[in-house]
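Okay, final.txt now, which holds compact mmCIF, C-alpha atoms (C1' of nucleotides):
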```
# COMPACT_ATOMS: atom_id res chain seq x y z
CA MET A 1 8.15 33.03 -17.45
CA GLU A 2 7.18 32.16 -20.93
CA ALA A 3 5.45 34.91 -22.85
CA PHE A 4 2.16 33.21 -22.54
CA GLY A 5 1.23 30.58 -20.09
CA ILE A 6 4.15 29.04 -18.34
CA LYS A 7 2.03 29.16 -15.28
CA SER A 8 -0.41 27.01 -17.16
CA GLU A 9 2.38 24.77 -18.35
CA LYS A 10 2.95 23.81 -14.76
CA LYS A 11 -0.73 23.53 -14.07
CA LEU A 12 -1.10 21.42 -17.12
CA ARG A 13 1.63 19.11 -16.01
CA GLN A 14 -0.03 18.78 -12.67
CA GLN A 15 -3.27 17.90 -14.34
CA ARG A 16 -1.47 15.31 -16.40
CA LEU A 17 0.07 14.02 -13.21
CA ALA A 18 -3.32 13.74 -11.58
CA LYS A 19 -4.58 11.79 -14.55
CA LEU A 20 -1.58 9.50 -14.57
CA LEU A 21 -2.10 8.78 -10.92
CA GLU A 22 -5.73 8.05 -11.47
CA ASP A 23 -4.91 5.53 -14.16
CA ASN A 24 -2.09 3.99 -12.26
CA PRO A 25 -1.83 4.89 -8.60
CA MET A 26 1.01 2.40 -8.18
CA ALA A 27 3.55 4.43 -10.13
CA THR A 28 6.79 5.51 -8.47
CA ASP A 29 8.02 9.08 -8.65
CA GLN A 30 10.70 7.85 -11.04
CA GLU A 31 8.18 6.52 -13.49
CA LEU A 32 5.93 9.51 -13.19
CA ALA A 33 8.83 11.89 -13.70
CA SER A 34 9.96 10.16 -16.86
CA LEU A 35 6.40 10.00 -18.15
CA LEU A 36 6.07 13.72 -17.64
CA GLY A 37 9.52 14.45 -18.97
CA VAL A 38 10.76 16.30 -15.92
CA SER A 39 13.17 15.52 -13.16
CA VAL A 40 12.17 13.49 -10.17
CA SER A 41 12.62 16.56 -7.98
CA THR A 42 10.13 18.53 -9.99
CA MET A 43 7.72 15.66 -9.86
CA ARG A 44 8.03 15.45 -6.13
CA LEU A 45 7.54 19.17 -5.86
CA ASP A 46 4.39 18.99 -7.91
CA ARG A 47 3.16 16.06 -5.92
CA ALA A 48 3.84 17.93 -2.68
CA LEU A 49 2.03 21.01 -3.94
CA MET A 50 -0.91 18.88 -4.96
CA GLY A 51 -0.98 17.20 -1.62
CA VAL A 52 -0.58 13.76 -3.15
CA PRO A 53 1.01 11.33 -0.72
CA GLU A 54 3.90 9.05 -1.58
CA LEU A 55 3.45 5.72 -3.31
CA ARG A 56 3.44 3.60 -0.20
CA GLU A 57 0.91 5.81 1.47
CA ARG A 58 -1.27 5.73 -1.62
CA VAL A 59 -1.13 1.97 -1.82
CA LYS A 60 -1.86 1.67 1.86
CA ARG A 61 -4.88 3.89 1.52
CA MET A 62 -6.13 1.91 -1.43
CA ALA A 63 -5.84 -1.27 0.56
CA GLN A 64 -7.68 0.21 3.50
CA GLU A 65 -10.35 1.81 1.42
CA ALA A 66 -10.76 -1.46 -0.37
CA GLY A 67 -11.29 -3.19 2.90
CA SER A 68 -13.89 -0.72 4.02
CA LYS A 69 -15.56 -0.69 0.67
CA LEU A 70 -15.80 -4.42 0.70
CA ARG A 71 -17.15 -4.23 4.16
CA SER A 72 -19.75 -1.64 3.31
CA LEU A 73 -20.66 -3.25 0.08
CA SER A 74 -20.51 -6.91 0.73
CA GLN A 75 -19.54 -7.78 4.21
CA SER A 76 -21.59 -5.37 6.20
CA GLU A 77 -24.82 -6.26 7.80
CA ILE A 78 -26.45 -3.40 6.02
CA VAL A 79 -26.02 -1.94 2.62
CA GLY A 80 -26.40 1.72 3.36
CA ASP A 81 -26.23 3.36 6.76
CA LEU A 82 -28.90 2.60 9.28
CA LEU A 83 -29.94 5.97 10.59
CA GLU A 84 -32.93 5.25 12.75
CA LEU A 85 -34.35 2.05 14.05
CA GLU A 86 -37.38 1.19 16.10
CA PRO A 87 -37.13 -2.60 16.29
CA ASN A 88 -40.07 -4.46 14.84
CA ARG A 89 -41.65 -1.15 13.90
CA TRP A 90 -39.69 0.83 11.37
CA ALA A 91 -36.24 1.84 10.23
CA LEU A 92 -34.51 4.33 8.00
CA SER A 93 -31.38 3.83 5.97
CA VAL A 94 -29.36 6.03 3.66
CA LEU A 95 -27.19 4.93 0.76
CA ARG A 96 -24.83 7.31 -0.98
CA THR A 97 -24.37 6.15 -4.51
CA THR A 98 -21.14 6.11 -6.44
CA ARG A 99 -19.95 5.60 -9.97
CA GLU A 100 -19.20 1.94 -9.33
CA MET A 101 -22.86 1.28 -8.80
CA ALA A 102 -23.83 2.52 -12.22
CA PHE A 103 -25.01 0.49 -15.14
CA ARG A 104 -22.38 0.37 -17.87
CA THR A 105 -21.54 3.83 -19.12
CA THR A 106 -24.77 5.40 -17.98
CA ASP A 107 -25.47 7.24 -14.77
CA ILE A 108 -28.30 4.90 -13.96
CA LEU A 109 -27.91 2.74 -10.92
CA TRP A 110 -27.98 -1.02 -11.05
CA ASP A 111 -31.21 -2.19 -9.54
CA HIS A 112 -29.49 -4.64 -7.27
CA TYR A 113 -28.01 -1.87 -5.19
CA ILE A 114 -31.45 -0.49 -4.61
CA TYR A 115 -32.64 -3.97 -3.83
CA ALA A 116 -29.76 -4.70 -1.49
CA GLN A 117 -30.43 -1.61 0.54
CA ALA A 118 -34.11 -2.40 0.74
CA SER A 119 -33.58 -6.01 1.64
CA SER A 120 -30.95 -5.17 4.21
CA ILE A 121 -33.15 -2.75 6.01
CA ALA A 122 -36.07 -5.16 5.86
CA VAL A 123 -33.92 -7.71 7.63
CA ALA A 124 -32.41 -5.22 10.06
CA VAL A 125 -35.72 -3.90 11.25
CA ILE A 126 -36.71 -7.25 12.66
CA GLU A 127 -35.17 -7.84 16.05
CA ALA A 128 -33.76 -11.34 16.03
CA ALA A 129 -30.45 -13.07 15.69
CA ALA A 130 -31.13 -14.57 12.32
CA VAL A 131 -33.63 -13.22 9.88
CA ILE A 132 -33.91 -14.11 6.24
CA VAL A 133 -36.01 -13.00 3.35
CA ASP A 134 -38.59 -15.52 2.31
CA SER A 135 -40.12 -13.75 -0.60
CA MET A 136 -40.61 -10.32 -2.01
CA ARG A 137 -42.25 -8.27 -4.61
CA GLY A 138 -41.02 -4.96 -5.84
CA GLU A 139 -41.45 -2.28 -8.39
CA TYR A 140 -39.04 0.32 -9.64
CA LYS A 141 -40.81 3.60 -10.12
CA GLY A 142 -37.99 5.51 -11.67
CA HIS A 143 -34.25 5.48 -12.14
CA ALA A 144 -31.77 6.45 -9.54
CA HIS A 145 -28.57 8.10 -10.70
CA VAL A 146 -25.00 8.25 -9.59
CA GLY A 147 -24.67 10.75 -6.79
CA ASP A 148 -28.24 10.32 -5.62
CA VAL A 149 -28.78 9.66 -1.97
CA LEU A 150 -31.18 6.78 -1.56
CA ILE A 151 -33.40 6.91 1.46
CA ALA A 152 -35.12 3.68 2.33
CA ARG A 153 -37.81 3.47 4.94
CA ALA A 154 -39.02 0.13 6.22
CA LYS A 155 -42.31 -0.42 7.97
CA VAL A 156 -43.17 -3.63 9.68
CA GLY A 157 -46.67 -4.80 8.94
CA VAL A 158 -48.59 -7.80 10.14
CA SER A 159 -46.78 -10.76 11.58
CA LYS A 160 -47.75 -14.36 11.94
CA ASP A 161 -45.68 -16.98 13.69
CA ASN A 162 -42.14 -16.26 12.66
CA ARG A 163 -42.96 -14.24 9.60
CA TYR A 164 -43.21 -10.53 9.21
CA ILE A 165 -44.33 -8.47 6.31
CA VAL A 166 -42.06 -5.52 5.82
CA SER A 167 -42.74 -2.77 3.32
CA VAL A 168 -39.86 -0.74 2.08
CA ARG A 169 -40.09 2.47 0.16
CA THR A 170 -36.99 3.98 -1.36
CA ARG A 171 -36.83 7.54 -2.51
CA VAL A 172 -34.40 10.10 -3.85
CA GLY A 173 -35.40 13.45 -2.48
CA GLU A 174 -39.15 13.50 -2.80
CA LYS A 175 -39.25 11.08 -5.69
CA GLU A 176 -40.15 7.52 -4.94
CA ILE A 177 -38.08 5.11 -6.98
CA PHE A 178 -38.72 1.72 -5.48
CA VAL A 179 -41.48 0.10 -3.51
CA ALA A 180 -41.22 -3.41 -2.21
CA ARG A 181 -42.80 -5.80 0.18
CA PHE A 182 -40.73 -8.45 1.84
CA ILE A 183 -41.79 -11.44 3.80
CA THR A 184 -39.06 -12.07 6.31
CA GLU A 185 -38.67 -15.04 8.52
CA ILE A 186 -36.96 -15.49 11.86
CA LEU A 187 -34.80 -18.54 12.00
CA SER A 188 -35.13 -20.16 15.38
CA VAL A 189 -32.34 -22.63 14.94
CA GLU A 190 -29.66 -22.73 12.31
CA THR A 191 -31.35 -24.92 9.74
CA PRO A 192 -28.78 -27.17 8.11
CA MET B 193 13.33 -30.29 21.54
CA GLU B 194 10.80 -30.37 24.27
CA ALA B 195 9.76 -33.84 25.41
CA PHE B 196 6.42 -33.49 23.77
CA GLY B 197 5.50 -31.18 20.99
CA ILE B 198 8.09 -28.57 20.36
CA LYS B 199 7.60 -29.25 16.76
CA SER B 200 4.05 -28.17 17.36
CA GLU B 201 5.23 -25.17 19.37
CA LYS B 202 6.76 -23.75 16.27
CA LYS B 203 3.86 -24.81 14.14
CA LEU B 204 1.54 -23.33 16.66
CA ARG B 205 3.34 -20.03 16.59
CA GLN B 206 3.12 -20.05 12.82
CA GLN B 207 -0.57 -20.69 13.02
CA ARG B 208 -0.94 -17.81 15.43
CA LEU B 209 1.05 -15.70 13.04
CA ALA B 210 -1.24 -16.62 10.19
CA LYS B 211 -4.22 -15.64 12.26
CA LEU B 212 -2.67 -12.36 13.31
CA LEU B 213 -1.97 -11.53 9.72
CA GLU B 214 -5.46 -12.36 8.72
CA ASP B 215 -6.86 -9.99 11.34
CA ASN B 216 -4.39 -7.29 10.61
CA PRO B 217 -2.40 -7.66 7.43
CA MET B 218 -0.89 -4.21 7.96
CA ALA B 219 1.27 -5.21 10.90
CA THR B 220 5.03 -4.75 10.72
CA ASP B 221 7.43 -7.54 11.65
CA GLN B 222 8.23 -5.61 14.82
CA GLU B 223 4.62 -5.63 15.95
CA LEU B 224 4.10 -9.23 15.02
CA ALA B 225 7.25 -10.30 16.82
CA SER B 226 6.24 -8.61 20.04
CA LEU B 227 2.73 -10.02 19.78
CA LEU B 228 4.15 -13.50 19.45
CA GLY B 229 6.78 -12.91 22.11
CA VAL B 230 9.75 -13.77 19.93
CA SER B 231 12.50 -11.82 18.30
CA VAL B 232 12.08 -10.09 15.00
CA SER B 233 14.53 -12.50 13.41
CA THR B 234 12.47 -15.50 14.39
CA MET B 235 9.38 -13.82 13.10
CA ARG B 236 11.02 -13.13 9.79
CA LEU B 237 12.22 -16.68 9.63
CA ASP B 238 8.74 -17.99 10.24
CA ARG B 239 7.30 -15.60 7.74
CA ALA B 240 9.86 -16.72 5.17
CA LEU B 241 9.15 -20.37 5.83
CA MET B 242 5.46 -19.73 5.47
CA GLY B 243 5.97 -17.85 2.25
CA VAL B 244 4.35 -14.71 3.59
CA PRO B 245 5.65 -11.62 1.82
CA GLU B 246 6.75 -8.46 3.59
CA LEU B 247 4.36 -5.79 4.74
CA ARG B 248 4.71 -3.60 1.69
CA GLU B 249 4.14 -6.48 -0.65
CA ARG B 250 1.10 -7.56 1.32
CA VAL B 251 -0.38 -4.10 1.26
CA LYS B 252 0.31 -3.80 -2.43
CA ARG B 253 -1.43 -7.08 -3.12
CA MET B 254 -4.40 -6.08 -1.04
CA ALA B 255 -4.71 -2.89 -3.02
CA GLN B 256 -4.54 -4.73 -6.32
CA GLU B 257 -6.88 -7.45 -5.28
CA ALA B 258 -9.23 -4.82 -4.04
CA GLY B 259 -9.23 -3.24 -7.43
CA SER B 260 -10.01 -6.45 -9.19
CA LYS B 261 -12.59 -7.48 -6.64
CA LEU B 262 -14.30 -4.17 -6.96
CA ARG B 263 -14.34 -4.66 -10.65
CA SER B 264 -15.76 -8.12 -10.42
CA LEU B 265 -18.12 -7.43 -7.64
CA SER B 266 -19.44 -3.99 -8.28
CA GLN B 267 -18.26 -2.72 -11.59
CA SER B 268 -18.84 -5.72 -13.70
CA GLU B 269 -21.81 -6.02 -15.92
CA ILE B 270 -22.82 -9.28 -14.41
CA VAL B 271 -22.87 -10.69 -10.94
CA GLY B 272 -21.86 -14.24 -11.61
CA ASP B 273 -20.32 -15.64 -14.77
CA LEU B 274 -22.35 -15.72 -17.89
CA LEU B 275 -21.89 -19.18 -19.28
CA GLU B 276 -24.33 -19.38 -22.11
CA LEU B 277 -26.38 -16.78 -23.86
CA GLU B 278 -28.95 -16.86 -26.60
CA PRO B 279 -29.92 -13.20 -26.87
CA ASN B 280 -33.56 -12.47 -26.25
CA ARG B 281 -34.15 -16.15 -25.59
CA TRP B 282 -32.32 -17.51 -22.57
CA ALA B 283 -29.11 -17.38 -20.59
CA LEU B 284 -27.24 -19.25 -17.92
CA SER B 285 -25.01 -17.85 -15.23
CA VAL B 286 -23.00 -19.34 -12.40
CA LEU B 287 -22.05 -17.70 -9.12
CA ARG B 288 -19.52 -19.22 -6.77
CA THR B 289 -20.32 -18.10 -3.28
CA THR B 290 -17.83 -17.07 -0.65
CA ARG B 291 -17.74 -16.34 3.03
CA GLU B 292 -18.13 -12.61 2.43
CA MET B 293 -21.56 -13.18 1.02
CA ALA B 294 -22.84 -14.80 4.16
CA PHE B 295 -25.28 -13.39 6.62
CA ARG B 296 -23.62 -12.53 9.92
CA THR B 297 -22.01 -15.57 11.50
CA THR B 298 -24.15 -18.06 9.68
CA ASP B 299 -23.40 -19.89 6.48
CA ILE B 300 -26.56 -18.60 4.90
CA LEU B 301 -26.20 -16.33 1.94
CA TRP B 302 -27.52 -12.81 1.90
CA ASP B 303 -30.51 -12.72 -0.37
CA HIS B 304 -29.22 -9.76 -2.30
CA TYR B 305 -26.47 -11.81 -3.85
CA ILE B 306 -29.03 -14.22 -5.16
CA TYR B 307 -31.07 -11.29 -6.33
CA ALA B 308 -28.11 -9.56 -7.94
CA GLN B 309 -27.22 -12.62 -9.96
CA ALA B 310 -30.79 -13.06 -11.07
CA SER B 311 -31.29 -9.44 -11.95
CA SER B 312 -27.97 -9.29 -13.79
CA ILE B 313 -28.80 -12.20 -15.97
CA ALA B 314 -32.29 -10.90 -16.61
CA VAL B 315 -30.76 -7.71 -17.91
CA ALA B 316 -27.97 -9.44 -19.80
CA VAL B 317 -30.26 -11.75 -21.71
CA ILE B 318 -31.93 -8.83 -23.44
CA GLU B 319 -29.92 -7.61 -26.37
CA ALA B 320 -29.79 -3.85 -26.15
CA ALA B 321 -27.40 -1.13 -25.10
CA ALA B 322 -29.34 -0.08 -22.07
CA VAL B 323 -31.76 -2.28 -20.24
CA ILE B 324 -33.18 -1.70 -16.82
CA VAL B 325 -35.44 -3.57 -14.46
CA ASP B 326 -38.86 -2.09 -14.17
CA SER B 327 -40.38 -4.39 -11.63
CA MET B 328 -40.02 -7.84 -10.24
CA ARG B 329 -41.47 -10.44 -8.03
CA GLY B 330 -39.55 -13.20 -6.40
CA GLU B 331 -39.67 -15.97 -3.91
CA TYR B 332 -36.90 -17.68 -2.04
CA LYS B 333 -37.53 -21.38 -1.85
CA GLY B 334 -34.67 -22.29 0.41
CA HIS B 335 -31.38 -21.02 1.74
CA ALA B 336 -28.16 -21.03 -0.13
CA HIS B 337 -24.98 -21.58 1.83
CA VAL B 338 -21.41 -20.50 1.60
CA GLY B 339 -19.62 -22.64 -0.93
CA ASP B 340 -22.74 -23.36 -2.93
CA VAL B 341 -22.60 -22.78 -6.63
CA LEU B 342 -25.64 -20.85 -7.73
CA ILE B 343 -26.91 -21.58 -11.18
CA ALA B 344 -29.34 -19.08 -12.58
CA ARG B 345 -31.25 -19.64 -15.78
CA ALA B 346 -33.15 -16.85 -17.43
CA LYS B 347 -35.92 -17.32 -19.95
CA VAL B 348 -37.35 -14.51 -21.95
CA GLY B 349 -41.11 -14.57 -22.12
CA VAL B 350 -43.56 -12.33 -23.84
CA SER B 351 -42.57 -8.87 -24.95
CA LYS B 352 -44.54 -5.79 -25.67
CA ASP B 353 -43.09 -2.56 -26.96
CA ASN B 354 -39.87 -2.14 -25.11
CA ARG B 355 -40.69 -4.41 -22.24
CA TYR B 356 -39.79 -8.03 -21.77
CA ILE B 357 -40.85 -10.46 -19.16
CA VAL B 358 -37.90 -12.52 -18.02
CA SER B 359 -38.21 -15.44 -15.63
CA VAL B 360 -35.21 -16.48 -13.65
CA ARG B 361 -34.81 -19.67 -11.69
CA THR B 362 -31.85 -20.13 -9.44
CA ARG B 363 -30.77 -23.47 -8.12
CA VAL B 364 -28.04 -25.13 -6.13
CA GLY B 365 -27.48 -28.55 -7.56
CA GLU B 366 -30.96 -29.86 -8.13
CA LYS B 367 -32.57 -27.75 -5.47
CA GLU B 368 -34.39 -24.65 -6.55
CA ILE B 369 -33.79 -21.77 -4.19
CA PHE B 370 -35.13 -18.72 -5.94
CA VAL B 371 -37.73 -18.03 -8.57
CA ALA B 372 -38.32 -14.58 -9.91
CA ARG B 373 -39.98 -12.76 -12.71
CA PHE B 374 -38.58 -9.49 -13.94
CA ILE B 375 -40.08 -6.95 -16.22
CA THR B 376 -37.19 -5.34 -18.03
CA GLU B 377 -37.28 -2.30 -20.19
CA ILE B 378 -35.08 -1.18 -23.03
CA LEU B 379 -34.07 2.43 -22.77
CA SER B 380 -34.08 3.96 -26.21
CA VAL B 381 -32.42 7.21 -25.24
CA GLU B 382 -30.58 8.10 -22.09
CA THR B 383 -33.43 9.57 -20.07
CA PRO B 384 -32.14 12.42 -17.98
C1' DA C 385 20.05 45.50 -20.24
C1' DC C 386 19.64 43.85 -15.80
C1' DA C 387 17.62 42.65 -11.10
C1' DG C 388 14.32 39.64 -9.46
C1' DA C 389 10.74 36.35 -9.65
C1' DT C 390 9.47 31.71 -11.11
C1' DA C 391 10.51 27.21 -12.44
C1' DC C 392 13.35 23.48 -12.61
C1' DT C 393 17.37 20.31 -11.45
C1' DA C 394 20.74 18.18 -8.54
C1' DG C 395 22.65 16.44 -4.48
C1' DT C 396 23.01 15.23 0.32
C1' DA C 397 21.53 13.26 4.75
C1' DC C 398 18.13 10.52 6.75
C1' DC C 399 14.18 7.10 7.51
C1' DA C 400 11.07 2.81 7.50
C1' DG C 401 10.69 -1.63 6.68
C1' DG C 402 12.39 -4.58 5.00
C1' DT C 403 16.19 -8.62 2.38
C1' DC C 404 20.06 -11.67 2.71
C1' DA C 405 23.75 -13.93 4.79
C1' DT C 406 26.52 -15.10 8.49
C1' DA C 407 27.57 -15.81 13.18
C1' DA C 408 26.62 -16.44 18.11
C1' DT C 409 23.73 -18.13 21.63
C1' DT C 410 20.30 -20.92 23.79
C1' DT C 411 17.62 -24.99 24.17
C1' DT C 412 16.72 -29.66 23.44
C1' DT C 413 17.79 -34.33 22.21
C1' DT C 414 20.37 -38.35 22.18
C1' DA D 415 29.03 -34.20 26.76
C1' DA D 416 28.37 -33.77 21.94
C1' DA D 417 25.21 -33.07 18.18
C1' DA D 418 21.17 -30.99 16.40
C1' DA D 419 17.58 -27.70 16.28
C1' DA D 420 15.82 -23.35 17.25
C1' DT D 421 16.40 -18.75 18.25
C1' DT D 422 18.63 -14.32 18.35
C1' DA D 423 21.96 -10.84 16.89
C1' DT D 424 24.62 -8.28 13.56
C1' DG D 425 25.88 -5.83 9.63
C1' DA D 426 25.63 -4.71 4.74
C1' DC D 427 22.38 -3.46 1.37
C1' DC D 428 17.79 -2.05 -1.09
C1' DT D 429 13.61 0.83 -2.37
C1' DG D 430 11.05 4.69 -2.34
C1' DG D 431 10.66 7.91 -0.38
C1' DT D 432 11.18 13.02 3.03
C1' DA D 433 13.41 17.33 3.99
C1' DC D 434 16.50 20.54 2.93
C1' DT D 435 20.05 23.16 0.45
C1' DA D 436 22.03 25.06 -3.49
C1' DG D 437 22.54 26.02 -8.16
C1' DT D 438 20.82 27.01 -12.88
C1' DA D 439 17.71 28.38 -16.53
C1' DT D 440 14.24 31.30 -18.22
C1' DC D 441 11.29 34.91 -18.45
C1' DT D 442 9.56 39.62 -17.21
C1' DG D 443 8.85 44.38 -15.90
C1' DT D 444 11.02 48.39 -16.08
```
Kindly transcribe the structure held in the file into structure tokens.
Amino acid sequence: MEAFGIKSEKKLRQQRLAKLLEDNPMATDQELASLLGVSVSTMRLDRALMGVPELRERVKRMAQEAGSKLRSLSQSEIVGDLLELEPNRWALSVLRTTREMAFRTTDILWDHYIYAQASSIAVAVIEAAAVIVDSMRGEYKGHAHVGDVLIARAKVGVSKDNRYIVSVRTRVGEKEIFVARFITEILSVETP
Amino acid sequence: MEAFGIKSEKKLRQQRLAKLLEDNPMATDQELASLLGVSVSTMRLDRALMGVPELRERVKRMAQEAGSKLRSLSQSEIVGDLLELEPNRWALSVLRTTREMAFRTTDILWDHYIYAQASSIAVAVIEAAAVIVDSMRGEYKGHAHVGDVLIARAKVGVSKDNRYIVSVRTRVGEKEIFVARFITEILSVETP
DNA sequence: ACAGATACTAGTACCAGGTCATAATTTTTT
DNA sequence: AAAAAATTATGACCTGGTACTAGTATCTGT
């Protein structure tokens, strides 16, 4: 061992490796090894010790994750997870926030994520095949930050014909951050 | 050739192949071949003729696309493309809609995409490092459908201290589908 | 100064999931 | 029956690895 810190030299390399992989997860062991100035074997050893899977596995995971992320973010019926649901009465949904949802370099969440969760739950709480939002009004009471768990609770209010008023309150812990009222409408037939 | 439609038998198989790949792009040639009831060679031939790359290439592309989609869908500053901008006056943004933005099996767009575009432009039109939405009110005037091009126009109204009123009108062609009014707020310092 | 630990390098055999090219076989058409 | 089209088989090769073995520095405590 080096007089002082060869152990850390290895650790350091592994940290560099982690960073490299974060920047460019599509790098082969070859490339990584030459970037780190060590042999491919050493690289592989490090990678094994760090529990980092091989390139193909990494790529595969990215692709899958991407699919699920797209599903949970854009394709899903609900933004957030629907935890409890009493149709036409009330519902509860939870959204775990991530860095991607943040506004520029801040930790503050984009409002449209908060909105999307609220609107999704307002639609989900009504029991019908096709429900759309007709109008809404909302107020942000405070900022939500990356890492916060958003809890949205929808309550169905008065209804008239095919329209329901749904109030949604979103909070982080005890703090209320968004209050909205949606008027949702059941579509009887697919209107062209 | 079969008396009638062997040409289509091959074409048909290729169509089935395309569909299989769409459902499950992570399938190996082996799996695909057995699903289609032909040999691996034939499968590969079809795949080659159709210009479909091998599994690893497909997965790789998915992963990359995912990255860019995530950037454009969740990480970007703006939902939609900012076409014109006169800071603190007005702005214009365009959003091309896709199948993923649709509500369940219908062609109707989820309202939160419309909202996200509107809110993004309302924030973008104000010239400051950090702007957030304080409150809003909005009304959907009609449905937008998959394939529609949403045009959102933001106008900055009166301001007071650090708050601006921004009106956003979204239309598809000549038809107005969403009208909203946002109160945006400039954050002077990163509030913790 | 020297054994032993720690770190690194090198090399081999093997695998999945292919590519590419060529040949053989089957099916269909004329 | 002969020609043409479609399908299947075969073998050599590639990438980016895994798993394992063996050898070589380099440092360290004693």
Mind running chain C against chain A at 8 Å and telling me each contacting residue's nearest atom pair with the distance in Å (one decimal), counting all atoms listed in the file, chain and number ascending, as a tab-separated table?
```
residue	atom	partner	partner_atom	distance
C:DT390	C1'	A:Met1	CA	6.6
C:DC392	C1'	A:Thr42	CA	6.5
C:DT393	C1'	A:Ser39	CA	6.6
```
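Between CA of Ser311 in chain B and CA of Val360 in chain B there is a distance of 8.2 Å.
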Contacts of DC427 in chain D at 12 Å (all atoms listed in the file; same-chain gap of 6+ positions) as a JSON list (two decimals) with C-alpha atoms (C1' of nucleotides), in the frame of the given file:
```json
[["chain", "number", "residue", "atom", "x", "y", "z"],
["C", 402, "DG", "C1'", 12.39, -4.58, 5.00],
["C", 403, "DT", "C1'", 16.19, -8.62, 2.38],
["C", 404, "DC", "C1'", 20.06, -11.67, 2.71],
["C", 405, "DA", "C1'", 23.75, -13.93, 4.79]]
```
query = Residues at most 10 Å from Leu20 in chain A, counting only C-alpha atoms (C1' of nucleotides), excluding those fewer than 5 positions away in the same chain, as a PyMOL selection string?
reply = chain A and resi 14-15+25-27+32+35-36
inquiry  = Every residue with an atom at most 7 Å from (-30.5, -10.3, -25.5) (file coordinates; all atoms listed in the file) is what I'm after, so could you write them as a PyMOL selection string?
reply    = chain B and resi 278-281+316-320
Selected residue, from A:Ile183, A:Val172, A:Leu17, A:Met101, that lies nearest to Ile132 in chain A when counting all atoms listed in the file =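 Result for the nearest residue to Ile132 in chain A: A:Ile183.
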key: Close residues, DC399 in chain C itself excluded, 12 Å, all atoms listed in the file, min 5 positions apart in chain, as a PyMOL selection string   = chain D and resi 429-433
Show which residues sit within 12 Å of DG388 in chain C, as a PDB file with C-alpha atoms (C1' of nucleotides), in the frame of the given file. Count only C-alpha atoms (C1' of nucleotides), and ignore same-chain residues fewer than 5 positions away.
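around-v8.pdb, freshly written:
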```pdb
ATOM      1  C1'  DC D 441      11.290  34.910 -18.450  1.00  0.00           C
ATOM      2  C1'  DT D 442       9.560  39.620 -17.210  1.00  0.00           C
ATOM      3  C1'  DG D 443       8.850  44.380 -15.900  1.00  0.00           C
ATOM      4  C1'  DT D 444      11.020  48.390 -16.080  1.00  0.00           C
TER       5       DT D 444
END
```
ask   = Neighbours of Arg137 in chain A within 7 Å (all atoms listed in the file; same-chain residues fewer than 3 positions away dropped), as a PyMOL selection string?
value = (chain A and resi 180-182) or (chain B and resi 328-330)
query = What is the distance between CA of Asn354 in chain B and CA of Ile378 in chain B, in Å to one decimal?
reply =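 Separating CA of Asn354 in chain B from CA of Ile378 in chain B is a distance of 5.3 Å.
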task = Find the distance between CA of Gly339 in chain B and CA of Leu287 in chain B and write it in Å to one decimal.
result =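 According to the coordinates, CA of Gly339 in chain B and CA of Leu287 in chain B are separated by 9.9 Å.
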note = From the list B:Val348, B:Leu204, B:Ala283, B:Ala294, the nearest residue to chain A using all atoms listed in the file is B:Ala294
task = Do me a favour and pick out the residues of chain D within 9 Å of chain B, using all atoms listed in the file, as number ranges by chain.
result = D: 419-423
Completion step: range 104-113 of chain A with N, CA and C atoms as a PDB file, keeping the file's coordinate frame:
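As written to disk, part-v6.pdb reads:
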```pdb
ATOM      1  N   ARG A 104     -23.231   0.087 -16.720  1.00  0.00           N
ATOM      2  CA  ARG A 104     -22.380   0.370 -17.870  1.00  0.00           C
ATOM      3  C   ARG A 104     -21.904   1.820 -17.903  1.00  0.00           C
ATOM      4  N   THR A 105     -22.067   2.470 -19.030  1.00  0.00           N
ATOM      5  CA  THR A 105     -21.540   3.830 -19.120  1.00  0.00           C
ATOM      6  C   THR A 105     -22.563   4.885 -18.706  1.00  0.00           C
ATOM      7  N   THR A 106     -23.732   4.431 -18.334  1.00  0.00           N
ATOM      8  CA  THR A 106     -24.770   5.400 -17.980  1.00  0.00           C
ATOM      9  C   THR A 106     -24.576   5.887 -16.550  1.00  0.00           C
ATOM     10  N   ASP A 107     -25.474   6.760 -16.150  1.00  0.00           N
ATOM     11  CA  ASP A 107     -25.470   7.240 -14.770  1.00  0.00           C
ATOM     12  C   ASP A 107     -26.539   6.516 -13.970  1.00  0.00           C
ATOM     13  N   ILE A 108     -27.189   5.579 -14.622  1.00  0.00           N
ATOM     14  CA  ILE A 108     -28.300   4.900 -13.960  1.00  0.00           C
ATOM     15  C   ILE A 108     -27.777   3.791 -13.054  1.00  0.00           C
ATOM     16  N   LEU A 109     -28.348   3.719 -11.891  1.00  0.00           N
ATOM     17  CA  LEU A 109     -27.910   2.740 -10.920  1.00  0.00           C
ATOM     18  C   LEU A 109     -28.399   1.334 -11.247  1.00  0.00           C
ATOM     19  N   TRP A 110     -27.552   0.363 -10.960  1.00  0.00           N
ATOM     20  CA  TRP A 110     -27.980  -1.020 -11.050  1.00  0.00           C
ATOM     21  C   TRP A 110     -29.088  -1.237 -10.027  1.00  0.00           C
ATOM     22  N   ASP A 111     -30.087  -1.956 -10.446  1.00  0.00           N
ATOM     23  CA  ASP A 111     -31.210  -2.190  -9.540  1.00  0.00           C
ATOM     24  C   ASP A 111     -30.807  -2.981  -8.314  1.00  0.00           C
ATOM     25  N   HIS A 112     -29.764  -3.814  -8.428  1.00  0.00           N
ATOM     26  CA  HIS A 112     -29.490  -4.640  -7.270  1.00  0.00           C
ATOM     27  C   HIS A 112     -28.917  -3.876  -6.092  1.00  0.00           C
ATOM     28  N   TYR A 113     -28.426  -2.680  -6.333  1.00  0.00           N
ATOM     29  CA  TYR A 113     -28.010  -1.870  -5.190  1.00  0.00           C
ATOM     30  C   TYR A 113     -29.238  -1.367  -4.439  1.00  0.00           C
TER      31      TYR A 113
END
```
